[in-house]
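**Q** Pasting in a structure now, in structure tokens, and then I'll have a few things to ask.
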Amino acid sequence: MVNKQLKAILKGFDKDSDEYYLLKHKRFLLLKNGDFIDWFKQEYNRKLGYYIYLLKVRELLFNIHPIIKEIYDLKETYIAFNRLKDKELIEVHFEVIINSFSSHPNAEVAKVGRTLNKWKLEILNSFTWIKRRRISNGPIESRNKTIKLLIYNAAGYSNFDHLRRRIIYCI
């Protein structure tokens, strides 16, 4: 959703403009989790012609269009929500997040709110903790990927029993 909105805004600018450059080449600052970015890293930007902090680049991106900051804040709010551990806080915060997304005037953002509302029970169930670990389908997805890679590397198996044995052997 965020990337799609940024690309839509990008199309409205001339390819030689600073706004186009920022949206094209520095968009990752808005897409990546803000906690994993060193905002005080300074780098030389040839297009702008001077050294600039990533924090300032983010501000320049926000100044391009007002919806960019709104969408970024919503994304970061959802990321922060995913780190919560208290079950009662989770339900209250999730309602607030759904309302924030659903009531947004932008159709794409409102669509995300409807999707969150549709999958509300499943999302809230994902906050179940067992043995100090949150339930995840990551391990199963890893197994599925391993199986797909085995089939791909073998260029297909004509005998299912051979495939089954190979999977069991590798996993």
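Going through the structure tokens in order, the chains are called A, B, and so on, while each chain numbers its residues from 1 and the ligands are numbered from 1 in the order shown.
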Compile the contact shell of stretch 41-48 of chain A as a PyMOL selection string: residues with an atom at most 8 Å away, counting only C-alpha atoms, same-chain residues fewer than 4 positions apart removed.
**A** chain A and resi 18+21+52-54
**Q** Based on the selection just made, write C-alpha atoms of those residues as a tab-separated table (two decimals), in the first residue's frame.
**A**
```
chain	number	residue	atom	x	y	z
A	18	ASP	CA	14.37	16.61	-6.97
A	21	TYR	CA	14.72	11.65	-7.51
A	52	ILE	CA	22.68	15.27	4.12
A	53	TYR	CA	21.42	13.24	7.08
A	54	LEU	CA	18.90	10.48	6.34
```
**Q** Identify, on the basis of only C-alpha atoms, every residue whose closest approach to A:Glu19 does not exceed 9 Å; exclude the query and any residue fewer than 4 positions from it along the same chain; express the result as a PyMOL selection string.
**A** chain A and resi 10+13-15+23-24+60-61+64
**Q** Could you name the residues that touch A:Glu88 at 12 Å or less, counting only C-alpha atoms, but leaving out those on the same chain fewer than 5 positions away, as a list in words?
**A** His93, Phe94, Glu95, Leu124 and Phe127 of chain A
**Q** For the selection just defined, write its residues with N, CA, C and O atoms to a file, as a short mmCIF file (atom, residue, chain, number, x, y, z; two decimals), in the first residue's frame.
**A**
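Written file, again.cif:
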```cif
data_model
loop_
_atom_site.label_atom_id
_atom_site.label_comp_id
_atom_site.auth_asym_id
_atom_site.auth_seq_id
_atom_site.Cartn_x
_atom_site.Cartn_y
_atom_site.Cartn_z
N HIS A 93 -5.61 -1.33 21.09
CA HIS A 93 -4.77 -0.67 20.09
C HIS A 93 -5.16 -1.09 18.67
O HIS A 93 -5.13 -0.27 17.75
N PHE A 94 -5.51 -2.35 18.50
CA PHE A 94 -5.87 -2.82 17.17
C PHE A 94 -7.15 -2.15 16.68
O PHE A 94 -7.26 -1.81 15.50
N GLU A 95 -8.10 -1.94 17.57
CA GLU A 95 -9.32 -1.22 17.19
C GLU A 95 -8.99 0.20 16.74
O GLU A 95 -9.53 0.68 15.74
N LEU A 124 -5.33 -11.06 15.81
CA LEU A 124 -5.28 -11.07 17.28
C LEU A 124 -4.82 -12.43 17.80
O LEU A 124 -4.11 -12.51 18.80
N PHE A 127 -1.07 -13.20 18.32
CA PHE A 127 -0.38 -12.68 19.51
C PHE A 127 -0.37 -13.69 20.65
O PHE A 127 -0.05 -13.35 21.77
#
```
**Q** Please identify the strand (DSSP E or B) residues within stretch 27-139 of chain A (assignment by DSSP from backbone atoms) and present them as JSON, numbers by chain.
**A** {"A": [42, 43, 44, 45, 50, 51, 52, 53, 129, 130, 133, 134]}
**Q** Can I get the selected residues back with N, CA and C atoms, as a compact mmCIF listing (two decimals), in the first residue's frame?
**A**
```txt
# COMPACT_ATOMS: atom_id res chain seq x y z
N GLN A 42 25.11 10.33 7.79
CA GLN A 42 25.24 11.41 6.82
C GLN A 42 25.89 10.85 5.56
N GLU A 43 25.36 11.23 4.42
CA GLU A 43 25.93 10.77 3.15
C GLU A 43 25.90 11.90 2.14
N TYR A 44 26.82 11.83 1.21
CA TYR A 44 26.86 12.84 0.16
C TYR A 44 25.86 12.47 -0.93
N ASN A 45 25.05 13.42 -1.32
CA ASN A 45 24.06 13.19 -2.36
C ASN A 45 24.45 14.00 -3.59
N TYR A 50 25.13 18.09 -1.83
CA TYR A 50 25.68 18.33 -0.49
C TYR A 50 25.48 17.11 0.40
N TYR A 51 26.19 17.12 1.55
CA TYR A 51 26.02 16.06 2.55
C TYR A 51 24.69 16.27 3.24
N ILE A 52 24.01 15.16 3.51
CA ILE A 52 22.68 15.27 4.12
C ILE A 52 22.43 14.07 5.02
N TYR A 53 21.80 14.32 6.17
CA TYR A 53 21.42 13.24 7.08
C TYR A 53 20.19 12.54 6.51
N TRP A 129 1.14 -16.47 22.88
CA TRP A 129 2.51 -16.80 23.25
C TRP A 129 2.56 -18.19 23.87
N ILE A 130 3.50 -18.99 23.43
CA ILE A 130 3.74 -20.31 24.00
C ILE A 130 5.22 -20.42 24.29
N ARG A 133 7.46 -17.53 23.32
CA ARG A 133 7.61 -17.27 21.89
C ARG A 133 6.24 -17.07 21.28
N ARG A 134 6.17 -16.12 20.38
CA ARG A 134 4.93 -15.86 19.69
C ARG A 134 4.74 -16.89 18.59
```
**Q** For A:Ile79, please output as a VMD selection string all residues within 10 Å (counting only C-alpha atoms; exclusion window: fewer than 6 positions along the same chain).
**A** chain A and resid 33 to 35 73
**Q** Output the selection as a compact mmCIF listing (two decimals), in the first residue's frame - C-alpha atoms for each residue.
**A**
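Done, and the output landed in selection.txt:
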```txt
# COMPACT_ATOMS: atom_id res chain seq x y z
CA ASN A 33 11.05 -0.25 9.49
CA GLY A 34 12.12 3.09 10.96
CA ASP A 35 13.79 1.39 13.93
CA ASP A 73 2.93 7.28 10.45
```
**Q** Mind giving me the straight-line distance from atom CA of A:Leu30 to atom CA of A:Leu116 in Å, one decimal?
**A** 20.8 Å
**Q** Got a sec to tell me which of stretch 9-107 of chain A DSSP assigns to alpha helix (DSSP H), as a PyMOL selection string?
**A** chain A and resi 9-10+18-25+28-31+54-64+66-81+87-102+107
**Q** So how far away is atom CA of A:Ile68 from atom CA of A:Val109, in Å?
**A**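 Atom CA of A:Ile68 lies 11.5 Å from atom CA of A:Val109.
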